[in-house]
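Structure file final_29.txt (compact mmCIF, C-alpha atoms and all ligand atoms) is printed below.
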# COMPACT_ATOMS: atom_id res chain seq x y z
CA MET A 2 171.15 124.92 155.60
CA SER A 3 169.12 124.89 158.80
CA PRO A 4 171.03 125.72 162.00
CA SER A 5 170.59 122.17 163.22
CA ALA A 6 171.30 120.33 159.95
CA PRO A 7 174.61 118.49 160.17
CA ALA A 8 176.96 119.30 157.31
CA PRO A 9 177.63 116.25 155.14
CA ALA A 10 181.00 114.55 155.52
CA ARG A 11 183.63 116.08 153.28
CA LYS A 12 185.14 114.38 150.29
CA GLY A 13 186.75 115.92 147.30
CA MET A 14 189.93 116.62 145.44
CA ILE A 15 192.89 118.88 145.93
CA ILE A 16 193.86 121.56 143.44
CA ASP A 17 196.56 124.18 143.66
CA ARG A 18 196.78 127.75 142.43
CA ASP A 19 197.36 126.57 138.84
CA GLY A 20 194.34 124.29 139.14
CA LEU A 21 192.23 127.27 140.14
CA GLN A 22 193.53 129.16 137.11
CA SER A 23 192.56 126.18 134.92
CA LEU A 24 189.07 126.31 136.38
CA LEU A 25 188.76 130.03 135.57
CA ASP A 26 189.98 129.33 132.02
CA ARG A 27 187.43 126.56 131.55
CA LEU A 28 184.56 128.64 132.79
CA SER A 29 185.55 131.50 130.45
CA ALA A 30 185.92 129.09 127.53
CA ARG A 31 182.41 127.77 128.21
CA GLY A 32 181.00 131.25 127.82
CA PHE A 33 180.58 132.28 131.45
CA ASP A 34 181.01 135.88 132.52
CA VAL A 35 183.45 135.12 135.35
CA ILE A 36 183.15 137.40 138.39
CA GLY A 37 185.41 137.15 141.41
CA PRO A 38 187.19 139.10 144.13
CA THR A 39 189.67 141.83 143.25
CA VAL A 40 191.30 144.68 145.16
CA ARG A 41 190.12 148.15 144.20
CA ASP A 42 189.60 151.46 146.00
CA GLY A 43 190.98 150.02 149.22
CA ALA A 44 188.39 147.24 149.38
CA ILE A 45 187.58 143.74 148.16
CA ILE A 46 185.42 144.33 145.10
CA TYR A 47 183.68 141.69 142.97
CA ASP A 48 184.49 142.26 139.32
CA ARG A 49 185.27 140.45 136.07
CA ILE A 50 188.35 138.28 136.39
CA SER A 51 190.25 136.09 133.97
CA SER A 52 193.32 135.39 136.07
CA VAL A 53 194.18 134.41 139.61
CA ASP A 54 196.76 137.22 139.45
CA VAL A 55 194.09 139.90 139.95
CA MET A 56 192.61 138.22 143.02
CA PRO A 57 193.34 139.58 146.53
CA GLU A 58 196.45 137.45 147.01
CA GLY A 59 198.00 138.12 150.41
CA TRP A 60 195.29 140.57 151.51
CA THR A 61 192.91 140.45 154.45
CA ASP A 62 190.32 142.85 155.80
CA ASP A 63 190.26 144.38 159.26
CA GLN A 64 186.62 145.02 160.12
CA ASP A 65 184.74 146.37 163.10
CA ALA A 66 181.78 148.69 163.59
CA ALA A 67 182.30 151.65 161.23
CA ARG A 68 185.74 150.35 160.31
CA TYR A 69 187.10 148.64 157.19
CA ARG A 70 190.77 148.48 156.25
CA LEU A 71 192.68 146.16 153.96
CA ALA A 72 195.87 144.77 155.48
CA ARG A 73 198.66 142.53 154.29
CA ARG A 74 198.63 138.91 155.43
CA SER A 75 201.69 136.92 156.38
CA ASP A 76 200.79 134.34 153.71
CA MET A 77 199.59 134.45 150.10
CA ALA A 78 196.02 133.35 150.64
CA LEU A 79 193.66 134.21 147.78
CA PHE A 80 190.52 134.15 149.93
CA GLY A 81 192.01 135.46 153.17
CA TYR A 82 189.39 138.18 153.68
CA ALA A 83 185.76 138.03 154.88
CA VAL A 84 183.38 140.10 152.73
CA GLY A 85 183.68 143.55 151.20
CA PRO A 86 181.00 146.18 150.58
CA HIS A 87 179.81 144.40 147.42
CA SER A 88 177.62 141.35 147.37
CA TRP A 89 176.50 139.19 144.42
CA ARG A 90 173.20 141.04 144.57
CA ARG A 91 174.71 143.81 142.44
CA PHE A 92 175.00 141.35 139.53
CA LEU A 93 171.69 139.54 139.92
CA GLN A 94 169.77 142.73 140.74
CA PRO A 95 171.96 145.62 139.47
CA PRO A 96 171.92 148.93 141.38
CA GLU A 97 170.56 150.63 138.26
CA GLU A 98 169.29 149.24 134.98
CA ARG A 99 167.33 150.61 132.08
CA LEU A 100 164.14 148.64 131.60
CA TRP A 101 163.13 150.18 128.29
CA GLN A 102 163.66 153.19 126.07
CA ALA A 103 160.97 154.97 124.07
CA THR A 104 161.80 156.95 120.93
CA ARG A 105 159.40 159.42 119.37
CA GLN A 106 158.58 158.72 115.71
CA GLN A 107 156.75 160.82 113.10
CA VAL A 108 153.69 159.04 114.32
CA GLY A 109 153.70 157.44 117.74
CA LEU A 110 156.58 155.83 119.64
CA THR A 111 158.85 152.83 119.32
CA ILE A 112 159.69 151.08 122.56
CA HIS A 113 162.90 149.06 122.92
CA THR A 114 163.05 146.71 125.87
CA THR A 115 166.58 146.56 127.24
CA ALA A 116 167.81 142.97 127.14
CA VAL A 117 169.57 141.28 130.01
CA PRO A 118 173.15 140.28 129.03
CA SER A 119 173.03 136.74 127.69
CA ALA A 120 176.30 135.29 129.09
CA PRO A 121 175.59 133.39 132.30
CA TYR A 122 177.54 134.40 135.37
CA ALA A 123 180.16 132.29 137.11
CA PHE A 124 180.63 133.63 140.63
CA ILE A 125 183.99 132.77 142.20
CA GLY A 126 184.38 133.00 145.97
CA VAL A 127 180.79 133.04 147.25
CA ARG A 128 180.74 132.80 151.03
CA ALA A 129 178.26 130.58 152.87
CA CYS A 130 176.32 133.61 154.15
CA GLU A 131 176.16 134.92 150.58
CA LEU A 132 174.79 131.60 149.32
CA ARG A 133 172.04 131.95 151.88
CA ALA A 134 171.46 135.55 150.76
CA ILE A 135 171.12 134.43 147.13
CA SER A 136 168.63 131.74 148.15
CA ILE A 137 166.64 134.39 150.06
CA GLN A 138 166.59 136.68 147.04
CA ASP A 139 165.52 133.71 144.90
CA ARG A 140 162.53 133.39 147.21
CA VAL A 141 161.72 137.09 146.87
CA PHE A 142 162.19 137.41 143.11
CA LEU A 143 161.33 133.97 141.74
CA GLU A 144 158.63 132.58 143.97
CA GLY A 145 155.15 133.93 144.34
CA PRO A 146 152.67 135.06 141.72
CA HIS A 147 154.88 137.72 140.06
CA PRO A 148 158.43 136.46 139.47
CA ASP A 149 160.94 139.07 138.32
CA ARG A 150 161.82 138.17 134.73
CA ARG A 151 165.09 140.09 134.68
CA TYR A 152 166.32 138.51 137.91
CA ALA A 153 165.27 135.08 136.62
CA GLU A 154 167.26 135.54 133.41
CA ARG A 155 170.38 136.57 135.32
CA ARG A 156 170.03 133.82 137.90
CA ARG A 157 169.34 131.10 135.35
CA GLY A 158 172.51 129.22 134.51
CA ALA A 159 174.64 131.02 137.08
CA PHE A 160 177.56 128.83 138.14
CA ILE A 161 178.60 129.21 141.75
CA VAL A 162 182.01 128.46 143.23
CA ALA A 163 181.66 128.81 147.00
CA VAL A 164 184.53 129.37 149.41
CA ASN A 165 184.28 128.10 152.97
CA CYS A 166 185.45 130.61 155.54
CA THR A 167 188.52 129.58 157.50
CA GLU A 168 188.73 132.79 159.55
CA ALA A 169 185.97 134.93 161.00
CA GLY A 170 185.68 138.52 159.86
CA GLY A 171 185.50 141.20 162.53
CA THR A 172 181.75 141.78 162.20
CA CYS A 173 180.56 138.32 161.08
CA PHE A 174 177.90 136.39 162.99
CA CYS A 175 176.78 133.83 160.41
CA ALA A 176 177.16 131.01 162.95
CA SER A 177 174.31 132.58 164.98
CA MET A 178 172.11 132.79 161.88
CA GLY A 179 172.85 129.19 160.79
CA SER A 180 174.17 130.40 157.44
CA GLY A 181 177.89 129.67 157.74
CA PRO A 182 180.83 129.57 157.90
CA ARG A 183 180.69 126.38 155.84
CA ALA A 184 178.69 126.19 152.61
CA ALA A 185 176.19 123.32 152.84
CA ASP A 186 174.33 123.60 149.54
CA GLY A 187 173.45 125.99 146.74
CA PHE A 188 176.86 125.74 145.03
CA ASP A 189 178.28 123.94 142.02
CA LEU A 190 181.75 123.74 143.52
CA ALA A 191 183.05 124.61 146.97
CA LEU A 192 186.64 125.43 147.88
CA THR A 193 188.38 125.40 151.23
CA GLU A 194 191.73 127.17 151.10
CA LEU A 195 194.42 125.41 153.14
CA ILE A 196 197.84 126.85 153.92
CA ASP A 197 200.02 124.81 156.27
CA ALA A 198 203.15 122.69 156.37
CA ASN A 199 201.75 120.68 153.46
CA GLY A 200 201.60 123.74 151.25
CA HIS A 201 199.04 126.11 149.72
CA ARG A 202 196.14 124.17 148.25
CA PHE A 203 192.39 124.03 147.90
CA LEU A 204 190.05 121.24 148.91
CA LEU A 205 187.50 121.17 146.10
CA GLU A 206 184.05 119.67 146.70
CA VAL A 207 181.44 119.11 144.01
CA GLY A 208 177.84 120.17 144.61
CA THR A 209 176.09 119.57 141.25
CA ASP A 210 176.43 117.71 137.97
CA ALA A 211 177.46 120.98 136.31
CA GLY A 212 180.17 121.30 138.92
CA ALA A 213 181.35 117.76 138.28
CA ALA A 214 181.49 118.37 134.52
CA SER A 215 183.53 121.52 135.03
CA VAL A 216 186.31 119.72 136.91
CA GLU A 217 186.64 116.64 134.70
CA ASP A 218 190.34 116.18 133.97
CA LEU A 219 191.23 119.28 135.98
CA PRO A 220 194.82 118.92 137.26
CA SER A 221 194.12 117.58 140.75
CA ARG A 222 194.74 114.78 143.21
CA ASP A 223 192.47 112.93 145.60
CA ALA A 224 191.98 114.63 148.93
CA ASP A 225 193.93 112.87 151.67
CA ALA A 226 192.59 112.44 155.19
CA GLY A 227 194.88 115.18 156.47
CA ALA A 228 193.37 117.75 154.09
CA LEU A 229 189.82 116.75 155.05
CA VAL A 230 190.62 117.11 158.75
CA ALA A 231 192.40 120.44 158.17
CA ALA A 232 189.37 121.78 156.27
CA GLU A 233 187.02 120.66 159.02
CA GLU A 234 189.16 122.27 161.69
CA ALA A 235 189.54 125.49 159.73
CA THR A 236 185.79 126.08 159.36
CA ALA A 237 185.22 125.09 163.00
CA ARG A 238 187.88 127.64 163.98
CA ALA A 239 186.10 130.32 161.96
CA ALA A 240 182.80 129.54 163.71
CA ALA A 241 184.42 129.62 167.13
CA GLY A 242 186.28 132.85 166.35
CA MET A 243 183.19 134.98 165.69
CA ARG A 244 183.21 137.88 168.12
CA ARG A 245 179.59 138.83 167.49
CA LYS A 246 176.54 136.74 168.22
CA MET A 247 172.83 137.17 167.69
CA ALA A 248 170.44 135.43 170.08
CA THR A 249 167.70 134.37 167.66
CA ALA A 250 165.45 132.37 170.01
CA GLY A 251 162.19 134.28 170.35
CA LEU A 252 163.66 137.30 168.54
CA LYS A 253 160.77 137.66 166.09
CA GLU A 254 158.22 137.69 168.91
CA LEU A 255 160.39 140.04 170.98
CA LEU A 256 160.66 142.66 168.22
CA GLN A 257 157.03 142.41 167.21
CA ALA A 258 155.99 142.89 170.85
CA ASN A 259 158.14 145.99 171.28
CA PRO A 260 157.36 148.63 168.64
CA GLU A 261 157.47 151.30 171.36
CA HIS A 262 160.66 150.18 173.05
CA PRO A 263 162.76 153.18 174.15
CA HIS A 264 165.81 151.74 172.44
CA TRP A 265 164.40 152.66 169.02
CA SER A 266 164.67 156.32 170.03
CA GLU A 267 168.19 155.80 171.34
CA VAL A 268 169.28 154.33 167.98
CA ALA A 269 167.51 157.16 166.14
CA GLU A 270 169.69 159.70 167.94
CA ARG A 271 172.73 158.13 166.26
CA CYS A 272 171.28 157.00 162.93
CA LEU A 273 171.99 159.35 160.00
CA ALA A 274 169.43 157.71 157.71
CA CYS A 275 172.26 157.46 155.17
CA ALA A 276 170.96 154.08 153.85
CA ASN A 277 174.43 152.49 153.81
CA CYS A 278 173.14 149.47 155.73
CA THR A 279 170.52 148.71 153.08
CA LEU A 280 172.90 149.29 150.16
CA VAL A 281 175.50 146.82 151.45
CA CYS A 282 173.02 144.22 152.69
CA PRO A 283 172.97 141.15 150.41
CA THR A 284 169.29 140.41 151.07
CA CYS A 285 167.74 143.89 150.68
CA PHE A 286 165.67 144.02 147.52
CA CYS A 287 163.70 147.28 147.36
CA SER A 288 163.84 149.27 144.16
CA THR A 289 162.11 152.22 142.58
CA VAL A 290 161.34 153.08 138.97
CA ALA A 291 161.97 156.50 137.41
CA ASP A 292 161.40 157.94 133.92
CA TYR A 293 163.84 160.35 132.25
CA THR A 294 163.36 162.25 129.03
CA ASP A 295 165.91 164.13 126.93
CA LEU A 296 165.52 167.89 126.60
CA ARG A 297 164.11 167.59 123.09
CA GLY A 298 161.44 165.18 124.21
CA HIS A 299 162.60 162.59 121.62
CA GLU A 300 163.67 159.83 123.96
CA ALA A 301 162.56 158.58 127.32
CA ASP A 302 164.23 155.96 129.53
CA ARG A 303 162.56 153.94 132.22
CA VAL A 304 165.15 153.04 134.84
CA ARG A 305 164.94 150.77 137.85
CA ARG A 306 167.34 151.43 140.70
CA TRP A 307 167.87 150.35 144.27
CA ASP A 308 165.83 152.18 146.87
CA SER A 309 166.06 152.12 150.64
CA CYS A 310 163.57 152.15 153.48
CA PHE A 311 165.83 154.79 155.06
CA ALA A 312 165.05 157.27 152.25
CA ALA A 313 162.66 160.02 153.36
CA ASP A 314 160.21 159.50 150.51
CA PHE A 315 160.35 155.70 150.47
CA SER A 316 157.07 155.40 152.36
CA SER A 317 155.41 158.50 150.89
CA ILE A 318 151.76 158.28 150.08
CA HIS A 319 149.25 161.10 149.86
CA GLY A 320 149.86 163.48 152.76
CA GLY A 321 153.48 162.51 153.35
CA PRO A 322 155.64 159.57 154.41
CA VAL A 323 154.32 156.86 156.67
CA ARG A 324 157.73 156.70 158.35
CA ALA A 325 158.91 160.30 158.62
CA SER A 326 161.30 159.78 161.54
CA ARG A 327 164.62 157.96 161.72
CA ARG A 328 163.23 156.04 164.69
CA ALA A 329 160.42 154.66 162.56
CA ARG A 330 162.76 153.88 159.65
CA TYR A 331 165.39 152.06 161.69
CA ARG A 332 162.70 150.11 163.52
CA GLN A 333 161.13 149.18 160.18
CA TRP A 334 164.44 148.01 158.72
CA MET A 335 165.61 145.95 161.69
CA SER A 336 162.17 144.52 162.51
CA HIS A 337 161.67 143.57 158.87
CA LYS A 338 165.06 141.85 158.66
CA LEU A 339 164.76 139.90 161.88
CA ALA A 340 161.02 139.42 162.38
CA HIS A 341 158.48 140.35 159.68
CA TRP A 342 160.65 138.74 156.99
CA ILE A 343 159.97 135.40 158.66
CA ASP A 344 156.21 136.00 158.35
CA GLN A 345 156.66 137.11 154.74
CA PHE A 346 159.22 134.62 153.41
CA ASP A 347 159.47 131.96 156.13
CA ILE A 348 163.13 132.78 156.75
CA SER A 349 165.11 135.52 158.50
CA GLY A 350 166.23 138.39 156.26
CA CYS A 351 169.61 138.49 157.98
CA VAL A 352 172.43 136.08 157.12
CA GLY A 353 174.95 137.48 159.59
CA CYS A 354 177.42 138.85 157.03
CA GLY A 355 178.14 141.89 159.22
CA ARG A 356 178.24 144.40 156.34
CA CYS A 357 175.65 146.73 157.88
CA ILE A 358 177.81 146.96 161.01
CA THR A 359 181.05 147.60 159.15
CA TRP A 360 179.64 150.17 156.75
CA CYS A 361 177.41 152.09 159.15
CA PRO A 362 179.32 155.36 159.53
CA VAL A 363 178.29 155.68 163.18
CA GLY A 364 178.77 152.02 164.07
CA ILE A 365 175.18 151.03 164.72
CA ASP A 366 175.36 147.28 165.28
CA ILE A 367 172.33 145.08 164.63
CA THR A 368 173.60 142.48 167.13
CA VAL A 369 174.03 145.09 169.86
CA GLU A 370 170.68 146.80 169.15
CA ALA A 371 168.81 143.48 169.22
CA ALA A 372 170.51 142.57 172.50
CA ALA A 373 169.60 145.97 173.98
CA ILE A 374 165.94 145.45 173.16
CA ARG A 375 166.09 142.03 174.73
CA ALA A 376 167.83 143.34 177.85
CA ALA A 377 165.92 146.51 178.69
CA PRO A 378 162.33 146.43 179.93
CA PRO A 379 159.89 148.00 177.45
CA ARG A 380 157.95 151.13 178.22
CA PRO A 381 154.16 150.95 178.20
CA ALA A 382 152.90 151.37 174.63
CA ALA A 383 150.06 153.77 175.43
CA GLY A 384 150.64 157.34 174.27
CA GLU A 385 153.98 156.60 172.67
CA GLY A 386 155.26 158.41 169.66
CA ASP A 387 158.56 159.84 168.51
CA ASP A 388 160.02 163.29 168.23
CA ASP A 389 158.40 163.72 164.83
CA GLY A 390 155.05 162.58 166.08
CA ASN A 391 155.28 159.29 164.17
CA ALA A 392 154.48 155.89 165.48
S1 LIG B 401 171.17 142.85 158.10
FE1 LIG B 401 173.39 143.30 158.19
S2 LIG B 401 174.37 141.40 158.92
FE2 LIG B 401 172.26 140.88 158.27
S3 LIG B 401 172.49 140.21 156.10
FE3 LIG B 401 172.02 142.43 156.05
S4 LIG B 401 174.04 143.45 156.03
FE4 LIG B 401 174.39 141.31 156.64
S1 LIG B 402 171.83 152.47 160.72
FE1 LIG B 402 173.83 153.35 160.12
S2 LIG B 402 174.11 152.77 157.96
FE2 LIG B 402 171.92 152.49 158.45
S3 LIG B 402 170.94 154.43 157.87
FE3 LIG B 402 171.46 154.60 160.07
S4 LIG B 402 173.50 155.59 160.08
FE4 LIG B 402 173.17 154.84 157.96
As structure tokens, the full file:
Amino acid sequence: MSPSAPAPARKGMIIDRDGLQSLLDRLSARGFDVIGPTVRDGAIIYDRISSVDVMPEGWTDDQDAARYRLARRSDMALFGYAVGPHSWRRFLQPPEERLWQATRQQVGLTIHTTAVPSAPYAFIGVRACELRAISIQDRVFLEGPHPDRRYAERRRGAFIVAVNCTEAGGTCFCASMGSGPRAADGFDLALTELIDANGHRFLLEVGTDAGAASVEDLPSRDADAGALVAAEEATARAAAGMRRKMATAGLKELLQANPEHPHWSEVAERCLACANCTLVCPTCFCSTVADYTDLRGHEADRVRRWDSCFAADFSSIHGGPVRASRRARYRQWMSHKLAHWIDQFDISGCVGCGRCITWCPVGIDITVEAAAIRAAPPRPAAGEGDDDGNA
């Protein structure tokens, strides 16, 4: 969805909580591995679900910079939270996966390639910003001369049930990034949860033929005008309620013109280089590959796992890392997200989900840091460097 593209007029059907359960049952019966929101470890966690009963009924999340708490709602909303630390990335590109295993034989080796699980995913409760993040990762992993076979196998056949946001989370700014709060495309079905004097119900919109087939004969009724208006108002309210904004006009040029801005050093004084921001970000995609052998030297595993541009050795080449300082690493991360990504993939790498703000232990806020660079005059570039002597 481009920021200026008008969302199509709504039409759809109304289902209730039992109708949602019927949808989960159908997807399971059709062989999907159904993943949806649950409550675990004090957070909203995406996990396997078979019942509405395990969803975060009556829970919301209180989020701000370096703050995340679950809290009880005054109603029994199932999707009454924003986003948790997980994103769908962990299913399409798992944090760690074995690529192959080699076993020593009397003569030579046998190599077993580790298969990707064959059941297609059904994702329940994908936010508009997360749909955008999936489409960005599709661009990274599927387009270009070297598509990622494992990502392609996981992505192929995935069934997506989006949920339009009716409240803004504390750190969201998807409206600034043109990626939400309403899902425009990239889904099979989209839900808008409505709770008012007319009861607790879901406006269900169909996005694809597969979505249409999945709701044939589902217990439902036609959406009345009141429900359509309520859904429209709810997503508009979510957009208007976003406390954070990102001024995107000219941002790419601004960041690329300011590699020596003093604010990078100011952020570096707070940044712990813990990598949390990259681990929670739904669009980050960097990984590394490591080999492990057992002590007897009989078996070896090749494992791929997430990496981060905040890790000290991420940019190591002969002679040491290219980005040894936290200043250089934060600048790399934020400039890549908001500027170089556009050169590389023709789209911003940020969807405004706010996770990096919530889960940064020192509350570094990408919206605030971008605004600071825009506001403060840059220093002359000549002779600049950081406390580690890195550019
Ligand atoms: S950079 Fe931050 S706000 Fe943007 S998509 Fe990543 S985690 Fe979300
Ligand atoms: S910006 Fe925050 S979350 Fe990211 S590495 Fe620095 S301290 Fe960690």
Go through A:Asp210, A:Asp54, A:Glu267, A:Glu234 one by one, measure the shortest atom-to-atom distance of each to ligand LIG 402 (chain B) using all atoms listed in the file, and give the residue with the smallest value.
A:Glu267
Contacts to ligand LIG 402 (chain B) at 10 Å cut-off (only C-alpha atoms and all ligand atoms) as a ChimeraX atom specification
/A:66-67,268-281,309-312,327-328,330-332,334-335,356-367
Select from chain A every residue with an atom at most 6 Å from any atom of ligand LIG 401 (chain B), then for each give the shortest pair of atoms and their distance in Å to one decimal, using all atoms listed in the file, rows by chain and rising number, as JSON lines.
{"residue": "A:Val281", "atom": "CA", "partner": "B:LIG401", "partner_atom": "S4", "distance": 5.9}
{"residue": "A:Cys282", "atom": "CA", "partner": "B:LIG401", "partner_atom": "S4", "distance": 3.6}
{"residue": "A:Pro283", "atom": "CA", "partner": "B:LIG401", "partner_atom": "S3", "distance": 5.8}
{"residue": "A:Thr284", "atom": "CA", "partner": "B:LIG401", "partner_atom": "S3", "distance": 6.0}
{"residue": "A:Cys351", "atom": "CA", "partner": "B:LIG401", "partner_atom": "FE2", "distance": 3.6}
{"residue": "A:Val352", "atom": "CA", "partner": "B:LIG401", "partner_atom": "S3", "distance": 4.3}
{"residue": "A:Gly353", "atom": "CA", "partner": "B:LIG401", "partner_atom": "S2", "distance": 4.0}
{"residue": "A:Cys354", "atom": "CA", "partner": "B:LIG401", "partner_atom": "FE4", "distance": 3.9}
{"residue": "A:Gly355", "atom": "CA", "partner": "B:LIG401", "partner_atom": "S2", "distance": 3.8}
{"residue": "A:Arg356", "atom": "CA", "partner": "B:LIG401", "partner_atom": "S4", "distance": 4.3}
{"residue": "A:Cys357", "atom": "CA", "partner": "B:LIG401", "partner_atom": "S4", "distance": 4.1}
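Comparing the minimum interatomic distances between Glu254 of chain A and each of A:Ala134, A:Leu100, A:Ile16, A:Ile374, counting all atoms listed in the file, we find that A:Ile374 sits nearest.
Atom CA of Gln22 of chain A is found 22.3 Å from atom CA of Ser75 of chain A.
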Find the residues near segment 19-21 of chain A: any atom within 10 Å, counting only C-alpha atoms, skip ones fewer than 2 places away on the same chain, and give them as a PDB file with C-alpha atoms, in the frame of the given file.
ATOM      1  CA  ILE A  15     192.890 118.880 145.930  1.00  0.00           C
ATOM      2  CA  ILE A  16     193.860 121.560 143.440  1.00  0.00           C
ATOM      3  CA  ASP A  17     196.560 124.180 143.660  1.00  0.00           C
ATOM      4  CA  SER A  23     192.560 126.180 134.920  1.00  0.00           C
ATOM      5  CA  LEU A  24     189.070 126.310 136.380  1.00  0.00           C
ATOM      6  CA  LEU A  25     188.760 130.030 135.570  1.00  0.00           C
ATOM      7  CA  ASP A  26     189.980 129.330 132.020  1.00  0.00           C
ATOM      8  CA  ARG A  27     187.430 126.560 131.550  1.00  0.00           C
ATOM      9  CA  SER A  52     193.320 135.390 136.070  1.00  0.00           C
ATOM     10  CA  VAL A  53     194.180 134.410 139.610  1.00  0.00           C
ATOM     11  CA  LEU A 192     186.640 125.430 147.880  1.00  0.00           C
ATOM     12  CA  ARG A 202     196.140 124.170 148.250  1.00  0.00           C
ATOM     13  CA  PHE A 203     192.390 124.030 147.900  1.00  0.00           C
ATOM     14  CA  LEU A 205     187.500 121.170 146.100  1.00  0.00           C
ATOM     15  CA  VAL A 216     186.310 119.720 136.910  1.00  0.00           C
ATOM     16  CA  LEU A 219     191.230 119.280 135.980  1.00  0.00           C
ATOM     17  CA  PRO A 220     194.820 118.920 137.260  1.00  0.00           C
ATOM     18  CA  SER A 221     194.120 117.580 140.750  1.00  0.00           C
TER      19      SER A 221
END
Just want the 12 Å neighbourhood of Gly251 of chain A, counted on only C-alpha atoms, with same-chain residues fewer than 2 positions away dropped. Output as a PyMOL selection string.
chain A and resi 247-249+253-258+339-340+343+371-372+375
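For Phe124 of chain A, the residues within 8 Å (counting all atoms listed in the file, excluding itself and residues fewer than 6 positions away along the chain) are Val35, Ile36, Gly37, Trp89, Ala159, Phe160, Ile161 and Val162 of chain A.
Summary of the local environment: counting only C-alpha atoms, residues at most 9 Å from Cys130 of chain A, other than itself and those fewer than 2 positions away along its chain, are Val127, Arg128, Leu132, Arg133, Ala134, Ile135, Cys175, Met178, Gly179, Ser180, Gly181, Pro182, Arg183, Ala184, Val352, Gly353 and Cys354 of chain A.
Closest to Ser349 of chain A among A:Ala213, A:Ile45, A:Ile137, A:Met14 is A:Ile137, based on only C-alpha atoms.
The coordinates place atom CA of Phe286 of chain A at 26.8 Å from atom CA of Met243 of chain A.
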Of the candidates A:Ala224, A:Ala235, A:Ala72, A:Met77, which shows the shortest atom-to-atom distance to Cys166 of chain A, using only C-alpha atoms?
A:Ala235
Rank A:Pro260, A:Thr104, A:Asp149, A:Ala120 by their smallest atom-to-atom distance to Ala30 of chain A, using all atoms listed in the file, and report the top residue only.
A:Ala120
Have a look at A:Gly170, A:Gly187, A:Arg49, A:His337 and name the one nearest to Ala83 of chain A; count all atoms listed in the file.
A:Gly170
What's the 12 Å shell around Arg73 of chain A, counting only C-alpha atoms, without same-chain residues fewer than 4 positions away, as a PyMOL selection string?
chain A and resi 40+43+57-63+77-79+81-82
What does the structure give for the distance between atom CA of Gln106 of chain A and atom CA of Asp292 of chain A, in Å to one decimal?
18.4 Å
First collect every listed atom of segment 75-79 of chain A; then fit an axis-aligned box around them, widen it by 8 Å on each side, and give centre and edge lengths in Å to one decimal, as JSON.
{"center_x": 197.7, "center_y": 135.1, "center_z": 152.1, "size_x": 24.0, "size_y": 19.6, "size_z": 24.6}
